[in-house]
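J.: Input structure: my_file-v7.csv, which contains CSV, C-alpha atoms.
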```
chain,number,residue,atom,x,y,z
F,1,MET,CA,0.0,0.0,0.0
F,2,ASP,CA,1.6,3.3,-1.0
F,3,THR,CA,1.3,6.4,1.1
F,4,ASP,CA,-1.4,8.0,-1.1
F,5,GLN,CA,-3.5,4.9,-0.7
F,6,LEU,CA,-3.0,4.9,3.1
F,7,ILE,CA,-4.0,8.6,3.3
F,8,ARG,CA,-7.2,7.7,1.4
F,9,SER,CA,-8.1,5.1,3.9
F,10,LEU,CA,-7.4,7.4,6.8
F,11,ALA,CA,-9.6,10.2,5.3
F,12,ALA,CA,-12.4,7.6,4.8
F,13,ASP,CA,-12.2,6.8,8.6
F,14,ASN,CA,-12.4,10.5,9.6
F,15,ALA,CA,-15.9,10.0,10.8
F,16,HIS,CA,-14.7,7.8,13.6
F,17,ARG,CA,-14.5,9.7,16.9
F,18,ALA,CA,-12.6,8.5,19.9
F,19,PRO,CA,-13.4,9.7,23.4
F,20,ARG,CA,-11.1,12.1,25.2
F,21,VAL,CA,-8.3,10.5,27.3
F,22,GLY,CA,-9.8,12.0,30.5
F,23,ALA,CA,-13.1,10.2,29.9
F,24,VAL,CA,-11.4,6.9,29.3
F,25,LEU,CA,-9.1,7.3,32.3
F,26,THR,CA,-12.1,8.2,34.6
F,27,MET,CA,-14.1,5.2,33.4
F,28,ALA,CA,-11.1,2.9,33.9
F,29,LEU,CA,-10.5,4.1,37.4
F,30,LEU,CA,-14.2,3.8,38.3
F,31,VAL,CA,-14.1,0.2,37.0
F,32,ALA,CA,-11.0,-0.6,39.0
F,33,ALA,CA,-12.0,1.2,42.2
F,34,PRO,CA,-14.5,-1.5,43.5
F,35,LEU,CA,-11.7,-4.1,43.3
F,36,SER,CA,-9.4,-1.9,45.5
F,37,ILE,CA,-12.3,-1.2,47.9
F,38,LEU,CA,-13.0,-4.9,48.0
F,39,ILE,CA,-9.4,-5.6,49.2
F,40,PHE,CA,-9.8,-2.8,51.7
F,41,ALA,CA,-13.2,-4.1,53.0
F,42,THR,CA,-12.0,-7.7,53.2
F,43,PHE,CA,-8.6,-7.3,54.8
F,44,LEU,CA,-8.5,-3.8,56.4
F,45,GLY,CA,-11.7,-1.9,57.1
F,46,VAL,CA,-12.1,1.6,58.6
F,47,ARG,CA,-10.4,1.9,62.1
F,48,HIS,CA,-12.8,1.6,65.0
F,49,ASP,CA,-12.2,4.9,66.6
F,50,VAL,CA,-12.8,6.8,63.3
F,51,MET,CA,-15.4,9.2,64.9
F,52,SER,CA,-13.0,10.5,67.5
F,53,ALA,CA,-10.0,10.3,65.1
F,54,MET,CA,-11.7,12.8,62.9
F,55,HIS,CA,-11.1,15.4,65.5
F,56,ASN,CA,-7.4,14.9,65.3
F,57,PRO,CA,-6.0,17.2,62.7
F,58,PHE,CA,-3.1,14.8,61.9
F,59,PHE,CA,-5.7,12.1,61.0
F,60,ASP,CA,-7.4,14.6,58.6
F,61,MET,CA,-4.0,15.7,57.3
F,62,LYS,CA,-3.4,12.2,55.9
F,63,PHE,CA,-6.3,12.5,53.5
F,64,ALA,CA,-5.1,16.0,52.5
F,65,VAL,CA,-1.7,14.5,51.7
F,66,THR,CA,-2.9,11.5,49.8
F,67,LEU,CA,-5.5,13.4,47.8
F,68,SER,CA,-3.0,16.2,47.0
F,69,LEU,CA,-0.9,13.4,45.5
F,70,ALA,CA,-3.7,11.6,43.6
F,71,ILE,CA,-5.5,14.6,42.1
F,72,PRO,CA,-2.5,16.5,40.8
F,73,ALA,CA,-1.1,13.2,39.5
F,74,ILE,CA,-4.3,12.7,37.5
F,75,ILE,CA,-4.0,16.2,36.1
F,76,VAL,CA,-0.3,15.8,35.1
F,77,SER,CA,-0.9,12.3,33.7
F,78,LEU,CA,-3.6,13.7,31.4
F,79,HIS,CA,-1.3,16.6,30.4
F,80,LEU,CA,1.5,14.1,29.5
F,81,SER,CA,-0.9,12.0,27.4
F,82,ARG,CA,-0.5,14.6,24.7
F,83,PRO,CA,2.6,13.9,22.5
F,84,GLU,CA,4.0,17.4,22.5
F,85,ALA,CA,3.6,17.9,26.3
F,86,LEU,CA,6.5,18.5,28.6
F,87,LEU,CA,6.6,18.0,32.4
F,88,ARG,CA,8.1,21.5,32.7
F,89,GLY,CA,5.6,23.9,34.2
F,90,TRP,CA,3.5,21.1,35.6
F,91,GLY,CA,6.0,19.1,37.8
F,92,TRP,CA,5.5,21.5,40.7
F,93,LEU,CA,2.0,20.2,41.2
F,94,LEU,CA,3.5,16.9,42.3
F,95,LEU,CA,5.4,18.7,45.1
F,96,LEU,CA,2.1,19.6,46.8
F,97,PRO,CA,1.9,16.5,49.0
F,98,VAL,CA,5.6,17.0,49.9
F,99,GLY,CA,4.9,20.6,51.0
F,100,LEU,CA,1.9,19.5,53.0
F,101,LEU,CA,3.9,16.8,54.7
F,102,ALA,CA,6.7,19.3,55.5
F,103,VAL,CA,4.1,21.6,57.1
F,104,ALA,CA,2.6,18.8,59.1
F,105,ILE,CA,5.9,17.5,60.3
F,106,GLY,CA,6.8,21.0,61.3
F,107,SER,CA,3.6,21.6,63.3
F,108,GLU,CA,3.9,18.2,65.0
F,109,ALA,CA,7.4,19.1,66.1
F,110,MET,CA,6.2,22.3,67.7
F,111,MET,CA,3.7,20.4,69.8
F,112,ALA,CA,4.4,18.6,73.1
F,113,PRO,CA,5.3,15.1,71.8
F,114,ALA,CA,2.9,12.4,72.9
F,115,MET,CA,5.4,9.7,71.9
F,116,PRO,CA,9.1,9.7,71.2
F,117,MET,CA,10.0,10.5,67.6
F,118,THR,CA,11.2,7.0,66.7
F,119,MET,CA,8.0,5.5,68.0
F,120,ARG,CA,5.9,8.0,65.9
F,121,LEU,CA,8.0,7.2,62.9
F,122,MET,CA,8.0,3.4,63.2
F,123,GLY,CA,4.3,3.3,64.3
F,124,LYS,CA,2.5,0.0,64.7
F,125,ASN,CA,1.5,-0.6,61.1
F,126,SER,CA,4.6,0.0,59.0
F,127,ARG,CA,4.5,-3.5,57.6
F,128,VAL,CA,0.8,-3.5,56.8
F,129,CYS,CA,1.2,-0.2,55.2
F,130,LEU,CA,4.0,-1.4,52.9
F,131,PHE,CA,1.8,-4.3,51.7
F,132,ALA,CA,-1.7,-2.8,51.8
F,133,ILE,CA,-1.0,0.4,49.7
F,134,PRO,CA,0.7,-1.5,46.8
F,135,ALA,CA,-2.0,-4.3,47.0
F,136,MET,CA,-4.9,-1.8,46.8
F,137,SER,CA,-2.9,0.2,44.1
F,138,LEU,CA,-2.6,-2.7,41.7
F,139,PRO,CA,-6.2,-2.7,40.3
F,140,LEU,CA,-6.1,1.1,40.1
F,141,LEU,CA,-2.7,1.0,38.4
F,142,ALA,CA,-4.1,-1.3,35.8
F,143,GLY,CA,-7.0,1.0,35.3
F,144,ALA,CA,-4.8,4.1,35.1
F,145,LEU,CA,-2.5,2.4,32.6
F,146,PHE,CA,-5.5,1.3,30.5
F,147,GLY,CA,-6.8,4.8,30.5
F,148,LEU,CA,-3.5,6.4,29.6
F,149,ARG,CA,-3.0,3.9,26.7
F,150,HIS,CA,-5.7,5.8,25.0
F,151,GLY,CA,-3.4,8.8,24.9
F,152,ALA,CA,-0.1,9.3,23.1
F,153,PRO,CA,2.6,10.0,25.7
F,154,SER,CA,6.1,10.8,24.3
F,155,HIS,CA,7.7,9.4,27.5
F,156,PRO,CA,5.9,6.1,28.3
F,157,ALA,CA,8.0,5.4,31.4
F,158,LEU,CA,7.2,8.8,32.9
F,159,ALA,CA,3.5,8.5,32.1
F,160,GLY,CA,3.6,5.0,33.7
F,161,ALA,CA,5.2,6.5,36.8
F,162,LEU,CA,2.4,9.1,36.9
F,163,ALA,CA,-0.1,6.2,36.7
F,164,GLY,CA,1.7,4.7,39.7
F,165,LEU,CA,1.3,8.0,41.6
F,166,VAL,CA,-2.4,8.2,40.8
F,167,SER,CA,-3.1,4.7,42.0
F,168,ALA,CA,-0.9,4.9,45.0
F,169,GLY,CA,-2.5,8.2,46.0
F,170,LEU,CA,-6.0,6.8,45.8
F,171,ALA,CA,-5.0,3.5,47.5
F,172,ALA,CA,-3.3,5.5,50.3
F,173,THR,CA,-6.5,7.5,50.8
F,174,LEU,CA,-8.3,4.2,51.5
F,175,TYR,CA,-5.5,3.0,53.7
F,176,ALA,CA,-5.4,6.2,55.7
F,177,SER,CA,-8.9,5.5,57.1
F,178,HIS,CA,-7.7,2.1,58.4
F,179,CYS,CA,-4.3,3.0,59.8
F,180,THR,CA,-4.1,4.2,63.4
F,181,ASP,CA,-0.7,5.8,62.9
F,182,ASP,CA,-1.4,9.5,62.3
F,183,SER,CA,2.0,11.0,62.7
F,184,PRO,CA,3.2,12.9,59.6
F,185,LEU,CA,6.6,11.2,60.3
F,186,PHE,CA,5.0,7.8,59.7
F,187,VAL,CA,3.2,9.0,56.6
F,188,ALA,CA,6.3,10.6,55.2
F,189,THR,CA,8.3,7.3,55.7
F,190,TRP,CA,6.0,4.4,55.0
F,191,TYR,CA,3.4,5.9,52.7
F,192,THR,CA,6.3,7.3,50.6
F,193,LEU,CA,8.1,3.9,50.5
F,194,ALA,CA,4.9,2.2,49.4
F,195,THR,CA,4.2,4.9,46.8
F,196,ALA,CA,7.8,4.7,45.4
F,197,LEU,CA,7.3,1.0,44.9
F,198,VAL,CA,4.0,1.4,43.0
F,199,THR,CA,5.5,4.3,41.0
F,200,ALA,CA,8.5,2.1,40.0
F,201,ILE,CA,6.1,-0.7,38.9
F,202,GLY,CA,4.1,1.9,36.9
F,203,ALA,CA,7.2,3.2,35.2
F,204,LEU,CA,8.3,-0.3,34.3
F,205,VAL,CA,5.0,-1.5,32.9
F,206,GLY,CA,4.3,1.9,31.4
F,207,SER,CA,7.5,1.8,29.4
F,208,LYS,CA,6.1,-1.3,27.7
F,209,VAL,CA,2.4,-0.7,27.4
F,210,LEU,CA,2.2,3.1,26.9
F,211,ARG,CA,4.1,3.2,23.6
F,212,TYR,CA,1.7,4.1,20.8
X,27,MET,CA,6.5,28.6,7.6
X,28,ARG,CA,4.1,30.3,9.9
X,29,GLY,CA,1.5,30.6,7.1
X,30,ARG,CA,1.8,26.9,6.3
X,31,GLU,CA,1.4,25.8,9.9
X,32,ASP,CA,-1.6,28.0,10.4
X,33,GLU,CA,-3.1,26.5,7.4
X,34,TRP,CA,-2.5,23.0,8.8
X,35,THR,CA,-4.2,24.0,12.1
X,36,GLY,CA,-7.2,25.4,10.2
X,37,LEU,CA,-7.5,22.2,8.1
X,38,MET,CA,-7.2,20.0,11.2
X,39,ARG,CA,-10.0,22.0,12.9
X,40,SER,CA,-12.2,21.5,9.9
X,41,ALA,CA,-11.3,17.8,9.8
X,42,MET,CA,-12.2,17.3,13.5
X,43,ALA,CA,-15.5,19.1,12.7
X,44,GLY,CA,-16.3,16.4,10.2
X,45,ASP,CA,-14.8,17.7,6.9
X,46,ASP,CA,-13.3,14.6,5.3
X,47,ALA,CA,-11.9,16.6,2.3
X,48,ALA,CA,-10.0,19.0,4.6
X,49,TYR,CA,-8.6,16.0,6.4
X,50,HIS,CA,-7.5,14.4,3.2
X,51,ARG,CA,-5.9,17.7,2.1
X,52,LEU,CA,-4.1,18.1,5.4
X,53,LEU,CA,-2.6,14.6,5.3
X,54,LYS,CA,-1.4,15.2,1.7
X,55,ALA,CA,0.1,18.5,2.7
X,56,VAL,CA,2.1,17.2,5.7
X,57,THR,CA,3.4,14.1,4.0
X,58,PRO,CA,6.2,15.7,2.0
X,59,VAL,CA,7.4,17.6,5.1
X,60,LEU,CA,7.3,14.4,7.2
X,61,ARG,CA,9.2,12.5,4.4
X,62,ALA,CA,11.9,15.1,4.2
X,63,ALA,CA,12.2,15.1,8.1
X,64,ALA,CA,12.4,11.3,8.1
X,65,ARG,CA,15.1,11.2,5.5
X,66,ARG,CA,17.1,13.8,7.4
X,67,GLY,CA,16.7,11.9,10.7
X,68,LEU,CA,17.8,8.6,9.1
X,69,ALA,CA,20.8,10.3,7.5
X,70,ARG,CA,21.8,11.9,10.8
X,71,ALA,CA,21.7,8.5,12.5
X,72,GLY,CA,23.9,7.1,9.7
X,73,GLN,CA,21.0,5.0,8.3
X,74,PRO,CA,20.1,4.7,4.6
X,75,PRO,CA,17.0,6.6,3.7
X,76,ASP,CA,15.1,3.6,2.3
X,77,GLN,CA,12.9,3.3,5.4
X,78,ALA,CA,11.8,6.9,5.3
X,79,GLU,CA,8.5,5.9,3.7
X,80,ASP,CA,7.8,3.3,6.4
X,81,ILE,CA,8.3,6.0,9.0
X,82,VAL,CA,6.0,8.4,7.2
X,83,GLN,CA,3.2,5.8,7.1
X,84,GLU,CA,3.6,5.0,10.7
X,85,ILE,CA,3.4,8.7,11.6
X,86,LEU,CA,0.3,9.1,9.5
X,87,LEU,CA,-1.4,6.1,11.2
X,88,ALA,CA,-0.4,7.5,14.7
X,89,VAL,CA,-1.7,10.9,13.7
X,90,HIS,CA,-5.0,9.4,12.7
X,91,LEU,CA,-5.5,7.1,15.7
X,92,LYS,CA,-4.3,9.7,18.3
X,93,ARG,CA,-5.9,12.8,16.9
X,94,HIS,CA,-8.2,13.1,19.9
X,95,THR,CA,-5.1,14.0,21.9
X,96,TRP,CA,-4.7,17.2,19.8
X,97,ASP,CA,-6.0,20.3,21.5
X,98,SER,CA,-8.0,22.2,18.9
X,99,GLU,CA,-6.9,25.5,20.6
X,100,ALA,CA,-3.2,24.6,20.1
X,101,PRO,CA,-1.2,24.8,16.9
X,102,PHE,CA,-1.1,21.6,14.9
X,103,ALA,CA,2.6,21.4,13.9
X,104,PRO,CA,4.2,20.9,17.3
X,105,TRP,CA,1.8,18.0,18.0
X,106,LEU,CA,2.5,16.5,14.6
X,107,PHE,CA,6.3,16.8,14.9
X,108,ALA,CA,6.2,15.3,18.4
X,109,ILE,CA,4.6,12.2,16.9
X,110,GLY,CA,7.0,12.3,14.0
X,111,ARG,CA,10.0,12.4,16.4
X,112,ASN,CA,8.6,9.6,18.5
X,113,LYS,CA,8.1,7.3,15.4
X,114,LEU,CA,11.6,8.1,14.1
X,115,ILE,CA,13.1,7.2,17.4
X,116,ASP,CA,11.1,4.0,17.5
X,117,MET,CA,12.2,3.0,14.1
X,118,LEU,CA,15.9,3.7,14.8
X,119,ARG,CA,15.6,1.6,18.0
X,120,ARG,CA,14.2,-1.3,16.1
X,121,ARG,CA,16.9,-1.0,13.5
X,122,GLY,CA,19.5,-0.7,16.2
X,123,ARG,CA,18.5,-4.0,17.7
X,124,ARG,CA,18.4,-5.7,14.3
X,125,ILE,CA,21.9,-4.7,13.3
X,126,PHE,CA,23.2,-7.5,15.6
X,127,VAL,CA,21.0,-10.2,14.3
X,128,ASN,CA,20.5,-9.5,10.6
X,129,ILE,CA,23.3,-10.8,8.4
X,130,ASP,CA,22.2,-8.4,5.6
X,131,ASP,CA,23.4,-5.5,7.7
X,132,PHE,CA,26.9,-6.8,7.3
X,133,ALA,CA,26.5,-7.3,3.6
X,134,GLU,CA,28.8,-4.4,2.7
X,135,THR,CA,31.8,-6.0,4.3
X,136,LEU,CA,31.3,-9.3,2.4
X,137,PRO,CA,33.2,-9.4,-0.9
X,138,GLY,CA,31.3,-9.7,-4.2
X,139,GLU,CA,28.2,-8.1,-2.9
X,140,VAL,CA,26.3,-5.8,-5.2
X,141,PRO,CA,24.5,-3.0,-3.3
X,142,GLN,CA,20.8,-3.2,-4.0
X,143,GLU,CA,18.1,-0.6,-3.6
X,144,THR,CA,15.4,-2.1,-1.5
X,145,ALA,CA,11.8,-1.3,-2.1
X,146,SER,CA,10.3,1.4,0.1
X,147,ALA,CA,7.2,1.3,2.4
X,148,GLY,CA,7.0,-2.4,2.7
X,149,GLU,CA,6.0,-2.7,6.3
X,150,VAL,CA,2.4,-1.5,6.1
X,151,ALA,CA,1.9,-3.6,2.9
X,152,SER,CA,3.2,-6.7,4.5
X,153,GLN,CA,1.3,-6.3,7.8
X,154,LEU,CA,-1.8,-5.8,5.7
X,155,ASN,CA,-1.6,-9.5,4.7
X,156,THR,CA,-1.8,-10.6,8.4
X,157,LEU,CA,-5.1,-8.8,9.1
X,158,PRO,CA,-8.4,-10.8,9.2
X,159,GLN,CA,-9.9,-11.3,5.8
X,160,ARG,CA,-12.8,-8.8,6.2
X,161,GLN,CA,-10.6,-5.9,7.4
X,162,ARG,CA,-8.1,-6.6,4.7
X,163,ASP,CA,-10.9,-6.7,2.0
X,164,VAL,CA,-12.3,-3.4,3.2
X,165,LEU,CA,-8.9,-1.7,3.5
X,166,GLN,CA,-7.9,-3.0,0.1
X,167,SER,CA,-11.2,-1.8,-1.5
X,168,ILE,CA,-11.1,1.7,0.0
X,169,ALA,CA,-7.3,2.4,-0.1
X,170,VAL,CA,-6.1,0.6,-3.1
X,171,ASP,CA,-9.1,0.4,-5.4
X,172,SER,CA,-10.3,3.8,-4.2
X,173,THR,CA,-13.9,2.5,-3.7
X,174,SER,CA,-16.2,4.6,-1.5
X,175,ILE,CA,-17.5,3.2,1.8
X,176,LYS,CA,-21.0,2.9,0.2
X,177,ASP,CA,-19.7,0.9,-2.8
X,178,THR,CA,-17.5,-1.2,-0.6
X,179,ALA,CA,-20.5,-2.1,1.5
X,180,ALA,CA,-22.4,-3.1,-1.7
X,181,LYS,CA,-19.5,-5.1,-3.0
X,182,TYR,CA,-19.1,-7.3,0.1
X,183,SER,CA,-22.9,-7.1,1.0
X,184,MET,CA,-22.1,-5.5,4.3
X,185,SER,CA,-23.8,-2.5,6.0
X,186,GLU,CA,-22.0,0.8,5.7
X,187,GLY,CA,-21.7,0.8,9.5
X,188,ALA,CA,-19.9,-2.6,9.3
X,189,VAL,CA,-17.6,-1.3,6.7
X,190,ARG,CA,-16.7,1.7,8.8
X,191,VAL,CA,-16.0,-0.6,11.8
X,192,ALA,CA,-13.9,-3.0,9.8
X,193,LEU,CA,-12.0,0.0,8.3
X,194,HIS,CA,-11.2,1.5,11.7
X,195,ARG,CA,-10.4,-1.8,13.3
X,196,GLY,CA,-8.1,-2.6,10.4
X,197,LEU,CA,-6.2,0.6,10.8
X,198,ALA,CA,-5.9,0.2,14.5
X,199,ALA,CA,-4.7,-3.4,14.1
X,200,LEU,CA,-2.1,-2.4,11.5
X,201,THR,CA,-0.8,0.3,13.9
X,202,ALA,CA,-0.5,-2.2,16.7
X,203,LYS,CA,1.3,-4.8,14.5
X,204,LEU,CA,3.8,-2.1,13.3
X,205,ARG,CA,4.4,-1.0,16.9
X,206,ASP,CA,4.9,-4.5,18.3
X,207,GLN,CA,6.9,-6.0,15.5
```
Please go through the file and, once you have read it, give me the structure as structure tokens.
T.:
Amino acid sequence: MDTDQLIRSLAADNAHRAPRVGAVLTMALLVAAPLSILIFATFLGVRHDVMSAMHNPFFDMKFAVTLSLAIPAIIVSLHLSRPEALLRGWGWLLLLPVGLLAVAIGSEAMMAPAMPMTMRLMGKNSRVCLFAIPAMSLPLLAGALFGLRHGAPSHPALAGALAGLVSAGLAATLYASHCTDDSPLFVATWYTLATALVTAIGALVGSKVLRY
Amino acid sequence: MRGREDEWTGLMRSAMAGDDAAYHRLLKAVTPVLRAAARRGLARAGQPPDQAEDIVQEILLAVHLKRHTWDSEAPFAPWLFAIGRNKLIDMLRRRGRRIFVNIDDFAETLPGEVPQETASAGEVASQLNTLPQRQRDVLQSIAVDSTSIKDTAAKYSMSEGAVRVALHRGLAALTAKLRDQ
């Protein structure tokens, strides 16, 4: 088939309209979410003292941190699904959770410590955290990668890493309602390690499946 | 340059609004520019220019299947050239890997070899043969025989909708095969 013939067939297919990447990504995440919630409901569940915990600003802060990771990661991943897009000018959005954590760690340090620093950092749930966040991330990661496949990212590994951040941010939001460790030091350590693992998986898989 | 690129953007907007003729004109207009860029890129990488047409066809397929990622408020050329660069790099990577496994790449060092011009743009044509019968028939009819969707539907006693689906699936399958080869 020569190029003129190919062009003729493309023009004939012009009526075909594909949905926007954002719509496909949203659908894919909505399909994946029940699986992650099922893992959450089966193995974890909301912590028993949730009503009183809500009065603790450090409990609420966990959700601010995880959502300030997930939502900007969705925005940046959609931006990067366009072939000409650069991370420049958008990357700072991904620093939001880091800034929030820094503020939280600073405010905790200024309060009278309820526990020694190492105990706050190590917590009681570090191992659960390291397993639960990646486990709940996996369905969401598959969904995010499926959604982003509809785009045309010029840097598939980077886009895959963003898919990892999206899914880890959402999974961590679920996990935060289970975990009784509310210290920002715990969050900064264990949530970050779990997120880094999921991000690495996302980058690795993304470099294969996000090529277009 | 500016004028040409503004014209492309205008044509693409019309195309996205459903103007098939504008789309056809746009693809015809960008092809020589893509071809020249592909040849330049191959030359810079020390590769012979005989695969330029394959790259052009891959770019056109990607443009077609990913045009929903183009923002109609943005100029068309940067989007197009980003896809072009991506496809050129892909092609060079594939070639790079093959250099070590393909004896033909060492042909020049063998004595008694007569350098041959290889045919251009063979990849799409050869992948076409691996498509399911129906998709191949429809693509053949519309692309090669220049038959309209309506007449193609009559020829194969299919509905026009089924022809459109087969056409789109065929193009998407071709693209996937080229990418994963």
J.: For the contact check between chain X and chain F, emit one row per residue of chain X within 8 Å, containing the shortest atom pair and the distance in Å rounded to one decimal, counting all atoms listed in the file, chain then rising number order, as a tab-separated table.
T.:
```
residue	atom	partner	partner_atom	distance
X:Ala41	CA	F:Asn14	CA	7.4
X:Met42	CA	F:Asn14	CA	7.8
X:Gly44	CA	F:Ala15	CA	6.4
X:Asp46	CA	F:Ala11	CA	5.7
X:Ala47	CA	F:Ala11	CA	7.4
X:Tyr49	CA	F:Ala11	CA	6.0
X:His50	CA	F:Ala11	CA	5.1
X:Leu53	CA	F:Ile7	CA	6.5
X:Lys54	CA	F:Ile7	CA	7.3
X:Glu79	CA	F:Thr3	CA	7.7
X:Val82	CA	F:Thr3	CA	8.0
X:Gln83	CA	F:Thr3	CA	6.3
X:Leu86	CA	F:Ile7	CA	7.6
X:Leu87	CA	F:Leu10	CA	7.6
X:Ala88	CA	F:Tyr212	CA	7.3
X:His90	CA	F:Leu10	CA	6.7
X:Lys92	CA	F:Ala152	CA	6.4
X:His94	CA	F:Arg20	CA	6.1
X:Thr95	CA	F:Arg82	CA	5.4
X:Trp96	CA	F:Arg82	CA	7.0
X:Pro104	CA	F:Glu84	CA	6.3
X:Trp105	CA	F:Glu84	CA	5.0
X:Phe107	CA	F:Glu84	CA	8.0
X:Ala108	CA	F:Glu84	CA	5.1
X:Ile109	CA	F:Pro83	CA	6.2
X:Asn112	CA	F:Ser154	CA	6.4
X:Ala147	CA	F:Asp2	CA	6.8
X:Gly148	CA	F:Met1	CA	7.9
X:Val150	CA	F:Met1	CA	6.7
X:Ala151	CA	F:Met1	CA	5.0
X:Leu165	CA	F:Ser9	CA	6.9
X:Ile168	CA	F:Ser9	CA	6.0
X:Ala169	CA	F:Gln5	CA	4.6
X:Val170	CA	F:Gln5	CA	5.6
X:Ser172	CA	F:Arg8	CA	7.5
X:Ser174	CA	F:Ala12	CA	7.9
X:Ile175	CA	F:Ala12	CA	7.4
X:Arg190	CA	F:Asp13	CA	6.8
X:Leu193	CA	F:Asp13	CA	6.8
X:His194	CA	F:Asp13	CA	6.2
X:Leu197	CA	F:Leu10	CA	8.0
X:Ala202	CA	F:Tyr212	CA	7.8
X:Arg205	CA	F:Tyr212	CA	7.0
```
J.: Please provide the set of residues having any atom within 7 Å of Ala70 of chain F, restricted to only C-alpha atoms, with same-chain residues fewer than 5 positions apart removed, written as a list in words.
T.: Leu165, Val166, Gly169 and Leu170 of chain F
J.: Enter the distance from atom CA of Leu29 of chain F to atom CA of Gly143 of chain F, in Å, rounded to one decimal.
T.: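 Interatomic distance, atom CA of Leu29 of chain F to atom CA of Gly143 of chain F: 5.1 Å.
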J.: Interatomic distance between atom CA of Glu186 of chain X and atom CA of Ala199 of chain X?
T.: 19.7 Å
J.: Residues near Ala64 of chain X, anyone? I mean within 7 Å using all atoms listed in the file, not counting same-chain ones fewer than 5 positions away, as a list in words.
T.: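 Returned residues: Ala78, Ile81 and Leu114 of chain X.
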J.: Considering only C-alpha atoms, can you say which of F:Ala53, F:Met27, F:Leu204, F:Val76 comes closest to Trp92 of chain F?
T.: F:Val76
J.: With distances taken over all atoms listed in the file, which residue among X:Ala43, X:Leu118, X:Lys203, X:Phe102 lies nearest Pro74 of chain X?
T.: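 Checking each of X:Ala43, X:Leu118, X:Lys203, X:Phe102 against Pro74 of chain X, counting all atoms listed in the file, the winner is X:Leu118.
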J.: To one decimal place, how far is atom CA of Leu87 of chain F from atom CA of Val59 of chain X in Å?
T.: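 Separating atom CA of Leu87 of chain F from atom CA of Val59 of chain X is a distance of 27.3 Å.
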J.: So which one's closest to Arg61 of chain X, X:Val164, X:Ile85, X:Leu204, X:Val191? Using all atoms listed in the file, please.
T.: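 For Arg61 of chain X, the nearest of the candidates is X:Ile85.
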J.: Please determine, counting only C-alpha atoms, which residue among X:Arg111, X:Lys181, X:Arg30, X:Arg51 has the shortest atom-to-atom distance to Glu84 of chain X.
T.: X:Arg111
J.: Between F:Pro113, F:Pro97, F:Gly164, F:Gly202, single out the one closest to Ala64 of chain F, counting all atoms listed in the file.
T.: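 Smallest distance to Ala64 of chain F is found for F:Pro97.
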J.: Find the spatial neighbours of Ala104 of chain F, counting only C-alpha atoms, within a cut-off of 10 Å - ignore same-chain residues fewer than 3 positions away - and output them as a list in words.
T.: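 So the residues in contact are Pro57, Phe58, Met61, Lys62, Val65, Val98, Gly99, Leu100, Leu101, Ser107, Glu108, Ala109, Met110, Ser183, Pro184, Leu185 and Ala188 of chain F.
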J.: Using all atoms listed in the file for the distances, tell me which of X:Leu68, X:Ala188, X:Leu154, X:Ala198 is nearest to Val89 of chain X.
T.: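 Using all atoms listed in the file, the shortest distance to Val89 of chain X belongs to X:Ala198.
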J.: Complete the atoms of segment 82-92 of chain F to N, CA and C atoms and put them out as a PDB file, in the frame of the given file.
T.:
```pdb
ATOM      1  N   ARG F  82      -0.561  13.910  25.957  1.00  0.00           N
ATOM      2  CA  ARG F  82      -0.500  14.600  24.700  1.00  0.00           C
ATOM      3  C   ARG F  82       0.998  14.500  24.209  1.00  0.00           C
ATOM      4  N   PRO F  83       1.237  14.146  22.934  1.00  0.00           N
ATOM      5  CA  PRO F  83       2.600  13.900  22.500  1.00  0.00           C
ATOM      6  C   PRO F  83       3.582  15.039  22.659  1.00  0.00           C
ATOM      7  N   GLU F  84       3.087  16.265  22.518  1.00  0.00           N
ATOM      8  CA  GLU F  84       4.000  17.400  22.500  1.00  0.00           C
ATOM      9  C   GLU F  84       4.213  17.954  23.947  1.00  0.00           C
ATOM     10  N   ALA F  85       3.554  17.329  24.942  1.00  0.00           N
ATOM     11  CA  ALA F  85       3.600  17.900  26.300  1.00  0.00           C
ATOM     12  C   ALA F  85       4.917  17.654  26.984  1.00  0.00           C
ATOM     13  N   LEU F  86       5.314  18.628  27.786  1.00  0.00           N
ATOM     14  CA  LEU F  86       6.500  18.500  28.600  1.00  0.00           C
ATOM     15  C   LEU F  86       6.095  18.547  30.072  1.00  0.00           C
ATOM     16  N   LEU F  87       6.936  17.985  30.934  1.00  0.00           N
ATOM     17  CA  LEU F  87       6.600  18.000  32.400  1.00  0.00           C
ATOM     18  C   LEU F  87       6.871  19.445  32.910  1.00  0.00           C
ATOM     19  N   ARG F  88       7.755  20.195  32.213  1.00  0.00           N
ATOM     20  CA  ARG F  88       8.100  21.500  32.700  1.00  0.00           C
ATOM     21  C   ARG F  88       6.859  22.401  32.849  1.00  0.00           C
ATOM     22  N   GLY F  89       6.786  23.097  33.972  1.00  0.00           N
ATOM     23  CA  GLY F  89       5.600  23.900  34.200  1.00  0.00           C
ATOM     24  C   GLY F  89       4.499  23.192  34.945  1.00  0.00           C
ATOM     25  N   TRP F  90       4.581  21.872  34.967  1.00  0.00           N
ATOM     26  CA  TRP F  90       3.500  21.100  35.600  1.00  0.00           C
ATOM     27  C   TRP F  90       4.067  20.255  36.766  1.00  0.00           C
ATOM     28  N   GLY F  91       5.379  20.017  36.763  1.00  0.00           N
ATOM     29  CA  GLY F  91       6.000  19.100  37.800  1.00  0.00           C
ATOM     30  C   GLY F  91       5.761  19.635  39.198  1.00  0.00           C
ATOM     31  N   TRP F  92       5.681  20.961  39.386  1.00  0.00           N
ATOM     32  CA  TRP F  92       5.500  21.500  40.700  1.00  0.00           C
ATOM     33  C   TRP F  92       4.251  20.993  41.402  1.00  0.00           C
TER      34      TRP F  92
END
```
